[in-house]
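Listing of coords06.tsv, TSV, C-alpha atoms
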chain	number	residue	atom	x	y	z
A	30	MET	CA	2.48	-39.48	1.05
A	31	SER	CA	-0.57	-39.14	-1.20
A	32	SER	CA	-0.84	-36.65	-4.05
A	33	THR	CA	-3.53	-34.81	-2.05
A	34	ALA	CA	-1.13	-34.41	0.87
A	35	ILE	CA	1.69	-33.19	-1.41
A	36	ILE	CA	-0.55	-30.55	-2.99
A	37	PHE	CA	-1.84	-29.53	0.46
A	38	TRP	CA	1.66	-29.00	1.86
A	39	ILE	CA	2.80	-27.09	-1.23
A	40	PHE	CA	-0.14	-24.74	-0.74
A	41	ILE	CA	0.64	-24.36	2.98
A	42	VAL	CA	4.29	-23.54	2.22
A	43	VAL	CA	3.31	-20.89	-0.35
A	44	ILE	CA	0.82	-19.27	2.07
A	45	PHE	CA	3.36	-19.30	4.88
A	46	TYR	CA	6.08	-17.91	2.62
A	47	SER	CA	3.98	-15.04	1.29
A	48	TYR	CA	3.09	-13.71	4.75
A	49	LEU	CA	5.86	-14.89	7.08
A	50	GLY	CA	8.60	-16.71	5.17
A	51	TYR	CA	9.46	-13.83	2.86
A	52	PRO	CA	9.73	-11.26	5.70
A	53	LEU	CA	11.90	-13.74	7.61
A	54	LEU	CA	14.10	-14.22	4.53
A	55	MET	CA	14.46	-10.44	4.16
A	56	PHE	CA	15.37	-10.12	7.84
A	57	LEU	CA	18.13	-12.73	7.53
A	58	LEU	CA	19.52	-11.26	4.30
A	59	VAL	CA	19.65	-7.78	5.83
A	60	LYS	CA	21.51	-9.13	8.85
A	61	LEU	CA	24.01	-10.85	6.55
A	62	LYS	CA	24.46	-7.66	4.55
A	63	LEU	CA	25.12	-5.64	7.70
A	64	LEU	CA	27.57	-8.28	8.90
A	65	PHE	CA	29.68	-8.25	5.74
A	66	LYS	CA	29.15	-4.77	4.30
A	67	GLY	CA	28.01	-2.63	7.21
A	68	ASN	CA	25.26	-0.04	7.03
A	69	LYS	CA	26.22	1.78	3.83
A	70	ARG	CA	23.28	4.00	2.93
A	71	PRO	CA	24.95	7.22	1.79
A	72	VAL	CA	22.96	10.40	2.29
A	73	ASP	CA	23.93	14.05	2.19
A	74	GLU	CA	22.08	16.14	4.78
A	75	ASN	CA	23.18	19.30	2.94
A	76	TYR	CA	21.42	18.25	-0.26
A	77	LEU	CA	18.51	20.70	-0.47
A	78	PRO	CA	17.03	20.84	-3.98
A	79	GLU	CA	13.78	22.57	-4.83
A	80	VAL	CA	10.77	20.35	-4.20
A	81	THR	CA	7.14	20.42	-5.32
A	82	LEU	CA	4.53	19.10	-2.91
A	83	PHE	CA	1.87	17.77	-5.27
A	84	ILE	CA	-1.70	17.25	-4.02
A	85	ALA	CA	-4.40	15.98	-6.40
A	86	SER	CA	-7.63	16.92	-4.67
A	87	TYR	CA	-11.28	16.40	-5.52
A	88	ASN	CA	-13.95	18.03	-3.32
A	89	GLU	CA	-11.75	17.90	-0.20
A	90	LYS	CA	-13.01	21.13	1.37
A	91	ASP	CA	-13.45	19.48	4.78
A	92	TYR	CA	-9.72	18.63	4.91
A	93	LEU	CA	-8.39	21.66	3.06
A	94	GLN	CA	-7.53	24.06	5.87
A	95	ARG	CA	-5.88	21.30	7.87
A	96	LYS	CA	-3.82	20.26	4.82
A	97	ILE	CA	-2.71	23.83	4.09
A	98	GLU	CA	-1.61	24.38	7.69
A	99	ASN	CA	0.21	21.04	7.74
A	100	SER	CA	2.00	21.83	4.45
A	101	PHE	CA	3.17	25.23	5.72
A	102	SER	CA	4.48	23.62	8.92
A	103	LEU	CA	6.88	21.25	7.15
A	104	ASN	CA	10.53	21.59	8.13
A	105	TYR	CA	12.05	22.42	4.74
A	106	PRO	CA	13.38	25.75	3.42
A	107	LYS	CA	10.32	27.76	2.44
A	108	ASP	CA	12.02	29.24	-0.61
A	109	LYS	CA	12.67	25.71	-1.92
A	110	LEU	CA	9.24	24.20	-1.34
A	111	GLN	CA	6.43	24.75	-3.83
A	112	ILE	CA	2.91	23.63	-2.93
A	113	LEU	CA	0.74	22.63	-5.89
A	114	PHE	CA	-2.93	21.58	-5.72
A	115	VAL	CA	-4.73	20.16	-8.76
A	116	THR	CA	-8.47	20.36	-8.11
A	117	ASP	CA	-9.97	19.29	-11.45
A	118	GLY	CA	-13.72	18.76	-11.24
A	119	SER	CA	-14.07	20.10	-7.69
A	120	ASP	CA	-17.27	22.07	-7.18
A	121	ASP	CA	-17.28	22.46	-3.39
A	122	GLY	CA	-15.48	25.81	-3.31
A	123	SER	CA	-12.03	24.37	-2.63
A	124	PRO	CA	-10.44	25.85	-5.82
A	125	GLU	CA	-11.53	29.33	-4.72
A	126	ILE	CA	-10.19	28.82	-1.19
A	127	LEU	CA	-6.82	27.72	-2.55
A	128	ALA	CA	-6.65	30.55	-5.09
A	129	ALA	CA	-7.01	33.03	-2.21
A	130	THR	CA	-4.23	31.37	-0.16
A	131	ASP	CA	-0.75	32.90	-0.38
A	132	GLY	CA	2.08	30.44	-1.00
A	133	VAL	CA	-0.13	27.91	-2.74
A	134	ARG	CA	-0.46	27.27	-6.46
A	135	VAL	CA	-3.69	25.78	-7.77
A	136	LEU	CA	-4.50	24.26	-11.16
A	137	HIS	CA	-8.18	23.76	-11.89
A	138	GLU	CA	-10.49	22.87	-14.71
A	139	ASP	CA	-14.19	22.16	-14.35
A	140	LYS	CA	-14.11	18.74	-16.00
A	141	ARG	CA	-13.40	15.79	-13.70
A	142	GLY	CA	-11.03	13.35	-15.36
A	143	GLY	CA	-9.88	11.36	-12.33
A	144	LYS	CA	-6.71	11.47	-10.27
A	145	ILE	CA	-4.46	10.18	-13.06
A	146	SER	CA	-5.55	12.86	-15.50
A	147	ALA	CA	-4.96	15.47	-12.80
A	148	MET	CA	-1.49	14.07	-12.12
A	149	ASN	CA	-0.56	13.90	-15.82
A	150	ARG	CA	-1.75	17.48	-16.35
A	151	GLY	CA	-0.17	18.84	-13.21
A	152	MET	CA	3.20	17.22	-13.80
A	153	GLN	CA	3.56	19.27	-16.99
A	154	GLN	CA	3.79	22.32	-14.73
A	155	VAL	CA	6.36	20.93	-12.29
A	156	THR	CA	9.84	22.41	-12.73
A	157	THR	CA	11.58	21.24	-9.54
A	158	PRO	CA	13.92	18.19	-9.67
A	159	ILE	CA	11.95	16.37	-6.95
A	160	VAL	CA	8.18	15.99	-6.70
A	161	VAL	CA	6.46	14.67	-3.58
A	162	PHE	CA	2.95	13.25	-3.97
A	163	THR	CA	0.54	13.22	-1.06
A	164	ASP	CA	-3.19	13.10	-0.36
A	165	CYS	CA	-5.33	15.93	0.93
A	166	ASN	CA	-6.74	13.91	3.84
A	167	THR	CA	-3.34	13.06	5.34
A	168	ASP	CA	-1.04	14.90	7.71
A	169	LEU	CA	2.69	14.71	7.03
A	170	GLY	CA	5.30	14.47	9.75
A	171	VAL	CA	7.11	17.77	10.12
A	172	ASN	CA	10.45	16.34	8.91
A	173	SER	CA	9.00	14.16	6.14
A	174	ILE	CA	10.17	16.23	3.15
A	175	ALA	CA	13.66	16.63	4.61
A	176	LYS	CA	14.00	12.88	5.22
A	177	ILE	CA	12.80	12.04	1.72
A	178	VAL	CA	15.16	14.51	0.06
A	179	GLU	CA	18.18	13.15	1.98
A	180	LEU	CA	17.75	9.80	0.27
A	181	PHE	CA	17.68	11.43	-3.17
A	182	SER	CA	21.24	12.65	-2.58
A	183	ASN	CA	22.18	9.13	-3.75
A	184	PRO	CA	21.90	9.25	-7.57
A	185	LYS	CA	20.84	5.57	-7.67
A	186	VAL	CA	17.61	6.43	-5.87
A	187	GLY	CA	14.72	7.24	-8.21
A	188	CYS	CA	11.78	6.98	-5.82
A	189	VAL	CA	11.27	7.31	-2.07
A	190	SER	CA	8.26	6.01	-0.19
A	191	GLY	CA	7.12	7.35	3.14
A	192	GLU	CA	5.36	5.38	5.83
A	193	LYS	CA	1.58	5.23	6.07
A	194	ARG	CA	0.24	5.47	9.62
A	195	ILE	CA	-3.29	5.19	10.96
A	196	PHE	CA	-4.63	7.25	13.87
A	197	ALA	CA	-5.10	4.72	16.67
A	198	THR	CA	-7.60	4.91	19.53
A	199	ASP	CA	-8.54	2.59	22.36
A	200	LYS	CA	-12.01	2.24	20.83
A	201	ASP	CA	-10.93	1.37	17.31
A	202	THR	CA	-13.28	-0.63	15.11
A	203	ALA	CA	-12.13	-3.65	13.12
A	204	SER	CA	-11.15	-1.35	10.27
A	205	GLY	CA	-8.99	0.82	12.50
A	206	SER	CA	-7.34	-2.02	14.40
A	207	GLY	CA	-6.83	-4.23	11.37
A	208	GLU	CA	-5.63	-1.47	9.05
A	209	GLY	CA	-3.24	-0.13	11.69
A	210	ILE	CA	-1.67	-3.55	12.36
A	211	TYR	CA	-1.47	-4.33	8.65
A	212	TRP	CA	0.39	-1.12	7.87
A	213	ARG	CA	2.83	-1.66	10.74
A	214	TYR	CA	3.56	-5.08	9.26
A	215	GLU	CA	3.92	-3.59	5.76
A	216	SER	CA	6.18	-0.80	7.04
A	217	ALA	CA	8.52	-3.26	8.74
A	218	LEU	CA	8.76	-5.28	5.52
A	219	LYS	CA	9.35	-2.20	3.35
A	220	LYS	CA	12.13	-1.08	5.69
A	221	LEU	CA	13.86	-4.46	5.34
A	222	GLU	CA	13.51	-4.41	1.56
A	223	ALA	CA	14.97	-0.91	1.32
A	224	GLU	CA	17.90	-1.81	3.58
A	225	LEU	CA	18.69	-4.77	1.35
A	226	SER	CA	18.15	-3.16	-2.06
A	227	SER	CA	14.82	-1.65	-3.08
A	228	THR	CA	11.34	-1.73	-1.61
A	229	ILE	CA	8.45	-2.90	-3.79
A	230	GLY	CA	6.04	-0.09	-4.48
A	231	ALA	CA	5.20	3.13	-2.72
A	232	ALA	CA	2.32	4.30	-0.54
A	233	GLY	CA	0.22	6.87	-2.37
A	234	GLU	CA	-0.28	8.84	0.85
A	235	LEU	CA	3.37	9.94	0.62
A	236	PHE	CA	5.94	9.14	-2.06
A	237	ALA	CA	8.38	11.07	-4.21
A	238	ILE	CA	10.21	10.62	-7.50
A	239	ARG	CA	12.78	12.45	-9.57
A	240	THR	CA	10.66	14.65	-11.82
A	241	GLU	CA	12.67	13.64	-14.89
A	242	LEU	CA	11.62	10.01	-14.37
A	243	PHE	CA	7.90	10.69	-14.53
A	244	ARG	CA	6.20	9.24	-17.57
A	245	GLU	CA	2.56	9.90	-18.39
A	246	VAL	CA	0.41	7.20	-16.85
A	247	GLU	CA	-2.46	5.50	-18.67
A	248	LYS	CA	-5.68	7.36	-17.86
A	249	ASP	CA	-7.49	4.26	-16.61
A	250	THR	CA	-4.77	3.40	-14.07
A	251	LEU	CA	-6.16	2.46	-10.66
A	252	LEU	CA	-2.99	2.20	-8.54
A	253	ASP	CA	-0.96	5.20	-9.71
A	254	ASP	CA	1.50	5.04	-6.81
A	255	PHE	CA	2.35	1.40	-7.48
A	256	ILE	CA	2.66	1.74	-11.25
A	257	ILE	CA	4.74	4.94	-11.12
A	258	SER	CA	7.13	3.64	-8.47
A	259	LEU	CA	7.65	0.19	-10.03
A	260	ARG	CA	8.31	1.68	-13.45
A	261	VAL	CA	11.03	3.78	-11.85
A	262	ALA	CA	12.52	0.55	-10.45
A	263	ILE	CA	12.25	-1.17	-13.85
A	264	ALA	CA	14.22	1.76	-15.30
A	265	GLY	CA	17.15	0.78	-13.07
A	266	TYR	CA	16.70	2.98	-10.01
A	267	THR	CA	15.95	1.91	-6.45
A	268	ILE	CA	12.88	2.70	-4.38
A	269	GLN	CA	13.96	3.68	-0.91
A	270	TYR	CA	11.95	3.95	2.28
A	271	ASP	CA	12.22	6.02	5.45
A	272	PRO	CA	9.71	5.50	8.30
A	273	GLU	CA	10.62	8.95	9.66
A	274	ALA	CA	8.91	10.38	6.58
A	275	TYR	CA	5.32	9.54	7.29
A	276	ALA	CA	1.74	10.38	6.41
A	277	ILE	CA	-0.95	9.78	8.99
A	278	GLU	CA	-4.66	9.51	8.29
A	279	ASP	CA	-7.89	8.49	9.93
A	280	ALA	CA	-9.01	4.88	9.65
A	281	SER	CA	-12.04	3.98	7.58
A	282	LEU	CA	-15.29	4.54	9.45
A	283	ASN	CA	-16.06	0.82	9.49
A	284	VAL	CA	-15.24	-2.42	7.67
A	285	HIS	CA	-17.93	-1.78	5.04
A	286	GLU	CA	-16.15	1.46	4.07
A	287	GLU	CA	-12.75	-0.25	4.22
A	288	LEU	CA	-14.02	-3.06	2.01
A	289	LYS	CA	-15.01	-0.55	-0.70
A	290	ARG	CA	-11.44	0.77	-0.65
A	291	LYS	CA	-9.91	-2.71	-0.65
A	292	ILE	CA	-12.02	-3.87	-3.60
A	293	ARG	CA	-10.80	-0.92	-5.67
A	294	ILE	CA	-7.21	-1.66	-4.65
A	295	ALA	CA	-7.72	-5.32	-5.56
A	296	ALA	CA	-9.04	-4.39	-9.00
A	297	GLY	CA	-5.98	-2.15	-9.36
A	298	ALA	CA	-3.74	-5.02	-8.29
A	299	VAL	CA	-5.03	-7.19	-11.14
A	300	GLN	CA	-4.50	-4.33	-13.58
A	301	SER	CA	-1.00	-3.68	-12.23
A	302	VAL	CA	0.03	-7.33	-12.54
A	303	LEU	CA	-0.98	-7.27	-16.20
A	304	ARG	CA	0.83	-3.99	-16.91
A	305	LEU	CA	3.96	-5.00	-15.02
A	306	LYS	CA	4.12	-8.56	-16.33
A	307	THR	CA	7.76	-8.05	-17.27
A	308	LEU	CA	8.55	-8.22	-13.53
A	309	LEU	CA	7.46	-11.87	-13.49
A	310	ASN	CA	10.69	-12.69	-15.34
A	311	PRO	CA	13.59	-12.96	-12.85
A	312	PHE	CA	15.99	-13.72	-15.71
A	313	LYS	CA	15.39	-10.15	-16.92
A	314	HIS	CA	14.98	-8.23	-13.67
A	315	GLY	CA	16.83	-10.44	-11.20
A	316	TRP	CA	16.29	-9.81	-7.51
A	317	LEU	CA	13.67	-7.12	-8.18
A	318	SER	CA	11.45	-9.79	-9.77
A	319	ILE	CA	11.93	-12.17	-6.85
A	320	GLN	CA	10.92	-9.43	-4.41
A	321	TYR	CA	7.92	-8.43	-6.54
A	322	ILE	CA	6.67	-12.01	-6.85
A	323	SER	CA	7.21	-12.70	-3.15
A	324	HIS	CA	5.74	-9.47	-1.78
A	325	LYS	CA	2.94	-8.64	-4.21
A	326	PHE	CA	2.16	-11.27	-6.85
A	327	LEU	CA	1.76	-14.18	-4.45
A	328	ARG	CA	-0.29	-12.18	-1.97
A	329	TRP	CA	-2.51	-10.64	-4.63
A	330	MET	CA	-2.99	-13.40	-7.17
A	331	VAL	CA	-2.07	-16.72	-5.57
A	332	THR	CA	-2.55	-16.83	-1.79
A	333	PRO	CA	-6.27	-15.87	-1.73
A	334	LEU	CA	-6.98	-18.85	-4.01
A	335	LEU	CA	-4.81	-21.20	-1.97
A	336	LEU	CA	-6.50	-20.15	1.28
A	337	LEU	CA	-9.77	-21.30	-0.24
A	338	LEU	CA	-8.40	-24.54	-1.69
A	339	VAL	CA	-6.63	-25.76	1.47
A	340	ILE	CA	-9.98	-26.08	3.26
A	341	PRO	CA	-11.43	-28.97	1.18
A	342	LEU	CA	-7.98	-30.54	0.88
A	343	ASN	CA	-7.65	-30.46	4.67
A	344	VAL	CA	-11.10	-32.03	5.07
A	345	LEU	CA	-10.13	-34.90	2.75
A	346	LEU	CA	-6.86	-35.51	4.60
A	347	ALA	CA	-8.54	-35.32	8.02
A	348	PHE	CA	-10.74	-38.30	7.07
A	349	GLU	CA	-7.92	-40.37	5.57
A	350	THR	CA	-6.68	-43.05	7.91
A	351	GLY	CA	-2.96	-43.07	8.55
A	352	PRO	CA	-0.24	-41.93	10.97
A	353	ALA	CA	-0.71	-38.25	10.03
A	354	GLN	CA	-4.49	-38.21	10.45
A	355	SER	CA	-4.36	-36.54	13.86
A	356	LEU	CA	-2.10	-33.79	12.47
A	357	TYR	CA	-4.51	-33.05	9.65
A	358	GLN	CA	-7.43	-33.04	12.07
A	359	LEU	CA	-5.58	-30.54	14.27
A	360	LEU	CA	-4.87	-28.30	11.27
A	361	LEU	CA	-8.53	-28.48	10.26
A	362	TYR	CA	-9.62	-27.49	13.78
A	363	LEU	CA	-7.19	-24.55	13.66
A	364	GLN	CA	-8.63	-23.40	10.33
A	365	ILE	CA	-12.16	-23.64	11.67
A	366	ALA	CA	-11.16	-21.76	14.83
A	367	PHE	CA	-9.56	-19.00	12.76
A	368	TYR	CA	-12.64	-18.41	10.63
A	369	LEU	CA	-14.94	-18.64	13.65
A	370	THR	CA	-12.78	-15.97	15.28
A	371	ALA	CA	-13.19	-13.83	12.16
A	372	LEU	CA	-16.95	-14.37	12.42
A	373	VAL	CA	-16.94	-13.26	16.05
A	374	GLY	CA	-14.93	-10.22	15.00
A	375	TRP	CA	-17.66	-9.43	12.45
A	376	TYR	CA	-20.31	-9.79	15.16
A	377	PHE	CA	-18.44	-7.47	17.55
A	378	GLU	CA	-17.89	-4.95	14.76
A	379	ASN	CA	-21.62	-4.80	14.08
A	380	ARG	CA	-22.41	-4.52	17.79
A	381	LYS	CA	-19.87	-1.68	18.22
A	382	ILE	CA	-17.87	-3.80	20.67
A	383	SER	CA	-14.13	-3.12	20.64
A	384	PHE	CA	-12.04	-6.31	20.96
A	385	LYS	CA	-8.90	-5.70	18.92
A	386	ILE	CA	-7.44	-9.22	18.99
A	387	LEU	CA	-10.55	-10.55	17.22
A	388	PHE	CA	-10.48	-7.80	14.62
A	389	VAL	CA	-7.17	-9.02	13.18
A	390	PRO	CA	-8.47	-12.33	11.68
A	391	TYR	CA	-11.63	-10.51	10.56
A	392	TYR	CA	-9.56	-7.87	8.74
A	393	PHE	CA	-7.36	-10.60	7.22
A	394	PHE	CA	-10.51	-12.35	5.93
A	395	ILE	CA	-11.84	-9.07	4.50
A	396	MET	CA	-8.51	-8.39	2.72
A	397	ASN	CA	-8.61	-11.72	0.92
A	398	LEU	CA	-12.34	-11.50	0.19
A	399	ALA	CA	-11.66	-8.11	-1.43
A	400	MET	CA	-9.20	-9.74	-3.84
A	401	TYR	CA	-11.96	-11.97	-5.24
A	402	LEU	CA	-14.45	-9.11	-5.47
A	403	GLY	CA	-11.84	-6.84	-7.03
A	404	LEU	CA	-10.91	-9.48	-9.61
A	405	PHE	CA	-14.55	-9.91	-10.61
A	406	ARG	CA	-15.05	-6.15	-10.82
A	407	TYR	CA	-11.97	-5.68	-12.98
A	408	LEU	CA	-12.91	-8.53	-15.34
A	409	LYS	CA	-16.40	-7.04	-15.74
A	410	GLY	CA	-14.89	-3.60	-16.41
A	411	ASN	CA	-16.99	-2.00	-13.69
A	412	GLN	CA	-14.20	-0.21	-11.80
A	413	SER	CA	-14.22	3.55	-12.48
A	414	VAL	CA	-10.94	5.44	-12.51
A	415	ASN	CA	-12.63	8.02	-10.25
A	416	TRP	CA	-12.31	7.30	-6.56
A	417	GLU	CA	-15.48	6.61	-4.56
A	418	LYS	CA	-14.12	7.97	-1.31
A	419	SER	CA	-14.46	5.82	1.77
A	420	LYS	CA	-15.95	7.52	4.81
A	421	ARG	CA	-13.32	8.00	7.47
A	422	LYS	CA	-13.30	8.84	11.14
A	423	VAL	CA	-12.55	12.49	11.86

Represent the structure of the file as structure tokens.
Amino acid sequence: MSSTAIIFWIFIVVIFYSYLGYPLLMFLLVKLKLLFKGNKRPVDENYLPEVTLFIASYNEKDYLQRKIENSFSLNYPKDKLQILFVTDGSDDGSPEILAATDGVRVLHEDKRGGKISAMNRGMQQVTTPIVVFTDCNTDLGVNSIAKIVELFSNPKVGCVSGEKRIFATDKDTASGSGEGIYWRYESALKKLEAELSSTIGAAGELFAIRTELFREVEKDTLLDDFIISLRVAIAGYTIQYDPEAYAIEDASLNVHEELKRKIRIAAGAVQSVLRLKTLLNPFKHGWLSIQYISHKFLRWMVTPLLLLLVIPLNVLLAFETGPAQSLYQLLLYLQIAFYLTALVGWYFENRKISFKILFVPYYFFIMNLAMYLGLFRYLKGNQSVNWEKSKRKV
């Protein structure tokens, strides 16, 4: 086997492992754990501490009434649930609406400092042992707080992540179909990770930590949910996950809007890898490092590059004479077919034609393209800490 072929197959194995091999490994390890240890996930349904529902909100007037009603509808003792909005910089009237709403506490200052500054400032006012972070444009499942709190009855748990769901319709665009499928895949993987030991990272739409574990986050942080949750794990606690605690939101209006969001996340991924570089050392952090590298580092920093490199390598091998030439030609045809399918998905998206099966490769292509664009943006220092909100379906 030539050196080109060896490199090609190493790249293929890494790509396969990052998307399919690692979830399969997690599935098998969970099954082995259940076989030998049983399902030991101790929770106390009578554990009912005081909780703060923390919402950092900037000019979210359009979602405000819906969020207030949803927060009041949550199935948790009303005398133990505090609702806190931090509306720094908002000038759309939302601070005044919240100030006039009974049962809601609002912190506001005119200067806009970004979500992280709002979180750092607001957390100084939180006195409950558990704080639950959520976004203003999401609806929480009625039992979400109760399910999250149950897991905190185990003192080893320092963070709990809820499930992110996307409103699905029969006429979804590529953004809606792709994002929905991606988050179902992510949710299944997070569930396996939590059942084995600890999931890797939390979804910012709904996650909670022990208040005492919160440490002020750097003001230029782009992925606050990821940094906060992983630092809790580094401190020796587990991040648990319960799909019955969920936040549901509208999909991005179209792929262009979703790409804006993905590029910001990609820039945040690069920043997070640099700030959490200690997790790249499995001799220090053991299994947590292996999970982090497998689930996040490879997918963020390695696989997008390998997906690009396997194309020219495959072309070279397809023109080499030998017993494996037909195999390499077949693999090249499959690669071409995949990217042509993504191109057709792009065409259908722009023609407002709903064909969900074609939107999946298109969304996959957009995800990996965003990693390159996010890397370039981060290296140029052009990513603002303030969110440029993506337009969403309503």

Separation of CA of Leu305 (chain A) from CA of Ile159 (chain A) in Å: 24.2 Å

6 Å contact set for Leu110 (chain A), only C-alpha atoms, chain neighbours under 5 positions out, as a PDB file with C-alpha atoms, in the coordinates of the input:
ATOM      1  CA  GLU A  79      13.780  22.570  -4.830  1.00  0.00           C
ATOM      2  CA  VAL A  80      10.770  20.350  -4.200  1.00  0.00           C
ATOM      3  CA  THR A  81       7.140  20.420  -5.320  1.00  0.00           C
TER       4      THR A  81
END

Enclose all atoms of region 126-141 of chain A listed in the file in an axis-aligned box, grow every side by 6 Å, and hand back centre and edge lengths in Å to one decimal, as lines of an AutoDock Vina configuration file.
center_x = -6.1
center_y = 24.4
center_z = -8.1
size_x = 28.3
size_y = 29.2
size_z = 27.8

Distance query Tyr46 (chain A) at most 10 Å, all atoms listed in the file, self and fewer than 5 positions along chain excluded, as number ranges by chain: A: 40-41, 51-54, 323-324, 327-328, 332

Distance in Å - CA of Leu336 (chain A) versus CA of Leu363 (chain A):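 For CA of Leu336 (chain A) relative to CA of Leu363 (chain A), the distance reads 13.2 Å.
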
Contacts of Tyr407 (chain A) at 12 Å (all atoms listed in the file; same-chain gap of 6+ positions) as a list in words: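 Counting only the stated atoms, we get Asp249, Thr250, Leu251, Ile292, Arg293, Ile294, Ala295, Ala296, Gly297, Ala298, Val299, Gln300, Ser301, Leu303, Ala399, Met400, Tyr401, Ser413 and Val414 of chain A.
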
Closest of A:Leu77, A:Val72, A:Ile177, A:Ile263 to Leu317 (chain A) - atom-to-atom distances counting all atoms listed in the file: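 Nearest to Leu317 (chain A): A:Ile263.
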
Surrounding residues of Asp253 (chain A) excluding itself and chain neighbours under 2 positions, 9 Å, all atoms listed in the file, as a PyMOL selection string: chain A and resi 144-145+233+246+250-251+255-258+297

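Of the listed residues (A:Thr267, A:Ala147, A:Leu288, A:Glu273), A:Glu273 comes nearest to Gly191 (chain A); the distances count all atoms listed in the file.
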
Atomic separation - CA of Ile238 (chain A) relative to CA of Arg134 (chain A), Å: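 Taking CA of Arg134 (chain A) and CA of Ile238 (chain A), their separation equals 19.8 Å.
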
Residue contacts of region 341-345 of chain A (7 Å, only C-alpha atoms) excluding same-chain residues fewer than 6 positions away, as a list in words: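 Contacts, in chain order: Thr33, Phe37, Tyr357 and Leu361 of chain A.
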
Can you write just those residues out, C-alpha atoms, as a tab-separated table (two decimals), in the coordinates of the input?
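For reference, part16.tsv as written:
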chain	number	residue	atom	x	y	z
A	33	THR	CA	-3.53	-34.81	-2.05
A	37	PHE	CA	-1.84	-29.53	0.46
A	357	TYR	CA	-4.51	-33.05	9.65
A	361	LEU	CA	-8.53	-28.48	10.26

A:Val178, A:Leu334, A:Ala353, A:Leu259 ranked by distance to Ser318 (chain A), top pick (using only C-alpha atoms):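 Once distances to Ser318 (chain A) are computed over only C-alpha atoms, the minimum belongs to A:Leu259.
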
Within 9 Å of file point (4.5, -2.5, 3.1), counting all atoms listed in the file, expressed as a list of chain:residue names: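 Protein, DNA and RNA residues close to (4.5, -2.5, 3.1): A:Glu192, A:Lys193, A:Tyr211, A:Trp212, A:Arg213, A:Tyr214, A:Glu215, A:Ser216, A:Ala217, A:Leu218, A:Lys219, A:Lys220, A:Thr228, A:Ile229, A:Gly230, A:Ala231, A:Ala232, A:His324.
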